[in-house]
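> This one is query27.csv, CSV, C-alpha atoms.
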```
chain,number,residue,atom,x,y,z
A,1,MET,CA,-91.3,-52.9,143.2
A,2,THR,CA,-88.7,-52.1,145.8
A,3,GLY,CA,-86.9,-49.7,143.5
A,4,ARG,CA,-90.1,-47.7,143.0
A,5,LEU,CA,-90.8,-47.6,146.7
A,6,ASN,CA,-87.2,-46.4,147.3
A,7,THR,CA,-87.5,-43.6,144.9
A,8,ALA,CA,-90.8,-42.5,146.5
A,9,GLN,CA,-89.3,-42.6,150.0
A,10,PRO,CA,-88.3,-38.9,150.3
A,11,TYR,CA,-91.8,-37.8,149.1
A,12,ALA,CA,-93.6,-40.2,151.5
A,13,LEU,CA,-91.3,-38.9,154.3
A,14,GLY,CA,-92.1,-35.3,153.3
A,15,LEU,CA,-95.8,-36.0,153.4
A,16,PHE,CA,-95.5,-37.7,156.8
A,17,ARG,CA,-93.6,-34.6,158.1
A,18,ILE,CA,-96.2,-32.2,156.7
A,19,VAL,CA,-99.1,-34.1,158.3
A,20,VAL,CA,-97.4,-34.6,161.7
A,21,GLY,CA,-96.3,-30.9,161.7
A,22,LEU,CA,-99.8,-29.7,160.8
A,23,LEU,CA,-101.5,-31.8,163.5
A,24,PHE,CA,-98.9,-30.8,166.1
A,25,ALA,CA,-99.3,-27.1,165.3
A,26,CYS,CA,-103.1,-27.5,165.5
A,27,HIS,CA,-102.8,-28.7,169.1
A,28,GLY,CA,-100.8,-25.6,169.9
A,29,ALA,CA,-103.2,-23.3,168.2
A,30,ALA,CA,-106.2,-24.9,169.9
A,31,ALA,CA,-104.6,-24.5,173.4
A,32,LEU,CA,-103.3,-20.9,172.8
A,33,PHE,CA,-106.1,-19.3,170.8
A,34,GLY,CA,-109.1,-21.6,171.4
A,35,VAL,CA,-109.5,-22.4,167.7
A,36,LEU,CA,-110.4,-25.8,166.4
A,37,GLY,CA,-112.3,-26.7,169.5
A,38,GLY,CA,-110.0,-25.1,172.1
A,39,SER,CA,-107.8,-26.8,174.7
A,40,GLN,CA,-109.0,-29.9,176.5
A,41,GLY,CA,-110.8,-27.8,179.1
A,42,GLY,CA,-112.7,-26.0,176.4
A,43,GLY,CA,-110.9,-22.7,176.6
A,44,THR,CA,-107.4,-21.4,176.2
A,45,VAL,CA,-104.3,-21.9,178.3
A,46,ALA,CA,-103.4,-18.9,180.5
A,47,ALA,CA,-100.2,-17.1,179.3
A,48,GLY,CA,-97.1,-18.3,181.2
A,49,ALA,CA,-98.9,-21.2,182.9
A,50,TRP,CA,-96.4,-24.0,183.5
A,51,PRO,CA,-96.2,-26.4,181.7
A,52,ALA,CA,-99.3,-26.1,179.5
A,53,TRP,CA,-98.6,-22.7,177.9
A,54,TYR,CA,-95.0,-23.5,177.1
A,55,ALA,CA,-96.0,-26.9,175.7
A,56,ALA,CA,-98.6,-25.1,173.5
A,57,VAL,CA,-96.0,-22.6,172.2
A,58,ILE,CA,-93.6,-25.5,171.4
A,59,GLN,CA,-96.5,-27.3,169.6
A,60,LEU,CA,-97.4,-24.2,167.6
A,61,VAL,CA,-93.9,-23.1,166.7
A,62,GLY,CA,-92.3,-26.5,166.5
A,63,GLY,CA,-95.2,-27.9,164.5
A,64,GLY,CA,-95.1,-25.0,162.1
A,65,LEU,CA,-91.4,-25.4,161.5
A,66,VAL,CA,-91.8,-29.2,161.0
A,67,LEU,CA,-94.7,-28.5,158.7
A,68,ILE,CA,-92.7,-26.3,156.3
A,69,GLY,CA,-89.6,-28.3,156.8
A,70,PHE,CA,-87.3,-25.6,158.2
A,71,GLY,CA,-85.0,-26.6,161.0
A,72,THR,CA,-86.8,-29.9,161.0
A,73,ARG,CA,-84.3,-31.9,163.1
A,74,VAL,CA,-83.9,-29.3,165.8
A,75,ALA,CA,-87.7,-28.5,166.0
A,76,ALA,CA,-88.6,-32.2,166.0
A,77,PHE,CA,-86.0,-32.8,168.8
A,78,VAL,CA,-87.5,-30.1,171.0
A,79,ALA,CA,-91.0,-31.3,170.2
A,80,SER,CA,-90.2,-34.9,170.9
A,81,GLY,CA,-88.7,-33.9,174.3
A,82,SER,CA,-91.7,-31.9,175.2
A,83,MET,CA,-94.0,-34.8,174.4
A,84,ALA,CA,-91.9,-37.2,176.4
A,85,TYR,CA,-92.2,-34.8,179.3
A,86,ALA,CA,-95.9,-34.5,178.8
A,87,TYR,CA,-96.3,-38.2,178.8
A,88,PHE,CA,-94.2,-39.0,181.8
A,89,ASP,CA,-95.1,-36.0,184.0
A,90,VAL,CA,-98.8,-35.6,183.1
A,91,HIS,CA,-100.1,-38.9,181.8
A,92,GLN,CA,-98.0,-41.8,183.1
A,93,PRO,CA,-98.5,-41.1,186.9
A,94,SER,CA,-102.2,-41.9,186.6
A,95,ALA,CA,-101.8,-45.3,184.8
A,96,LEU,CA,-99.1,-47.3,183.0
A,97,TRP,CA,-100.6,-47.7,179.5
A,98,PRO,CA,-101.3,-44.8,177.2
A,99,LEU,CA,-104.9,-46.1,176.6
A,100,GLN,CA,-105.5,-46.0,180.3
A,101,ASN,CA,-103.9,-42.6,181.1
A,102,GLY,CA,-105.0,-40.6,178.0
A,103,GLY,CA,-101.4,-40.2,176.7
A,104,GLU,CA,-101.8,-41.7,173.3
A,105,ALA,CA,-101.3,-38.4,171.5
A,106,SER,CA,-98.3,-37.5,173.5
A,107,ALA,CA,-96.7,-40.9,172.9
A,108,MET,CA,-97.4,-40.9,169.2
A,109,PHE,CA,-96.1,-37.3,168.7
A,110,CYS,CA,-93.0,-38.1,170.8
A,111,TRP,CA,-92.1,-41.0,168.6
A,112,ALA,CA,-93.1,-39.4,165.3
A,113,MET,CA,-91.0,-36.3,166.0
A,114,LEU,CA,-88.1,-38.5,167.2
A,115,LEU,CA,-88.2,-40.3,163.8
A,116,LEU,CA,-88.0,-36.9,162.0
A,117,VAL,CA,-84.9,-36.1,164.1
A,118,PHE,CA,-83.1,-39.0,162.5
A,119,THR,CA,-84.6,-38.9,159.0
A,120,GLY,CA,-84.7,-35.1,158.4
A,121,SER,CA,-87.4,-33.3,156.4
A,122,GLY,CA,-87.5,-35.5,153.3
A,123,ALA,CA,-88.8,-34.0,150.1
A,124,LEU,CA,-90.9,-30.9,149.9
A,125,GLY,CA,-89.2,-29.0,152.7
A,126,LEU,CA,-87.3,-25.8,153.0
A,127,ASP,CA,-84.4,-27.7,154.6
A,128,ARG,CA,-83.7,-29.4,151.4
A,129,LEU,CA,-83.9,-26.2,149.4
A,130,PHE,CA,-81.3,-24.5,151.6
A,131,THR,CA,-79.1,-27.6,151.7
A,132,ARG,CA,-78.9,-27.6,148.0
A,133,ARG,CA,-78.1,-24.0,147.7
A,134,GLY,CA,-75.4,-24.3,150.5
A,135,ALA,CA,-73.9,-27.3,148.7
A,136,GLN,CA,-73.8,-25.4,145.4
A,137,ALA,CA,-72.2,-22.3,147.0
A,138,ALA,CA,-69.5,-24.4,148.6
A,139,GLU,CA,-68.4,-25.9,145.3
A,140,SER,CA,-65.7,-24.2,143.4
A,141,PRO,CA,-66.3,-23.0,139.8
A,142,ALA,CA,-64.1,-25.9,138.5
A,143,GLN,CA,-66.2,-28.4,140.4
A,144,ARG,CA,-69.4,-27.0,139.0
A,145,GLU,CA,-67.9,-27.2,135.4
A,146,THR,CA,-66.9,-30.9,136.0
A,147,LEU,CA,-70.4,-31.7,137.3
A,148,ALA,CA,-72.1,-30.0,134.4
A,149,VAL,CA,-70.2,-32.1,131.8
```
If you convert what's in this file into C-alpha cells, what do you get?

Amino acid sequence: MTGRLNTAQPYALGLFRIVVGLLFACHGAAALFGVLGGSQGGGTVAAGAWPAWYAAVIQLVGGGLVLIGFGTRVAAFVASGSMAYAYFDVHQPSALWPLQNGGEASAMFCWAMLLLVFTGSGALGLDRLFTRRGAQAAESPAQRETLAV
C-alpha cells in the first residue's frame, strides 16, 4: 500500500498545486476585475491602492504561475509572504484566532504556498518539463548513449 501511495505522490502534489493556484488566482481576479462575486466589498479594488491592489496582483499572477507550475517555488514564496502580511497586518490585530478575525483564507493560503516552496510543483507542471529538458541538454552525448543502453 505504501509503495502505491509513494508512486502517486507527485501526481497528488500536482493536483494540490493546481487547486491551490486556481483558488488563489480566483481571489485576485475577483478583487481586480469584479468577477466571481467581486472583492469583499462587492466591487473592485482601486488601481494602486495599498495593500489591496498589490495583494490582488500577487494573487492573480502568483496563483496563475502556481496553477500552471511555472516558477512554482518563487511564485509560492512571494504568495506565502503576501498572505502572512495580510494575516498579521489586516486580520490579526482585530483578534488572535483566525476564526475570530476572518483570516482563515490568509492563513491557509500562507501555509499551502509555503508547502509548495519546499515541495516544488510535483507532476503535471511546466517546471518539471523544463527541468527535464535542461537536464537532458546538460548531458554529454556519451552520457546519453550510456543511459540509453
> When you look at Arg17 in chain A with a cut-off of 9 Å (counting all atoms listed in the file), what residues show up, excluding the ones that are within fewer than 6 positions of it in the same chain? I need them as a list in words.
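Skipping anything fewer than 6 positions along the chain leaves Val66, Leu67, Ile68, Gly69, Thr72, Ala112, Met113, Leu116, Gly120, Ser121, Gly122 and Gly125 of chain A.
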> So, counting only C-alpha atoms, which residue among A:Met108, A:Ala76, A:Leu96, A:Gly63 is closest to Val19 in chain A?
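Of A:Met108, A:Ala76, A:Leu96, A:Gly63, the one nearest Val19 in chain A is A:Gly63, counting only C-alpha atoms.
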> Nearest residue to Thr131 in chain A out of A:Val117, A:Phe70, A:Tyr85, A:Ala29, using all atoms listed in the file?
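Closest candidate: A:Phe70.
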> Which residue, A:Leu15, A:Met1, A:Val45, A:Ala56, has the smallest gap to Gly28 in chain A when you use only C-alpha atoms?
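Closest residue, counting only C-alpha atoms: A:Ala56.
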> So the first atom is CA of Met83 in chain A and the second is CA of Ala105 in chain A; what is the distance between them in Å, to one decimal place?
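It comes out at 8.6 Å.
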> Find the distance between CA of Asp127 in chain A and CA of Phe109 in chain A and write it in Å to one decimal.
20.7 Å
> Report the distance between CA of Leu129 in chain A and CA of Pro10 in chain A in Å, rounded to one decimal place.
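Here the two named atoms are 13.5 Å from each other.
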> Give the answer as one residue: which of A:Ala86, A:Cys26, A:Ala79, A:Leu114 has the shortest atom-to-atom distance to Pro51 in chain A, using all atoms listed in the file?
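With all atoms listed in the file as the atom set, the closest residue is A:Ala86.
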> Which of these residues is nearest to His27 in chain A, using all atoms listed in the file: A:Thr2, A:Gln100, A:Thr7, A:Gln59?
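The shortest atom-to-atom distance to His27 in chain A comes from A:Gln59.
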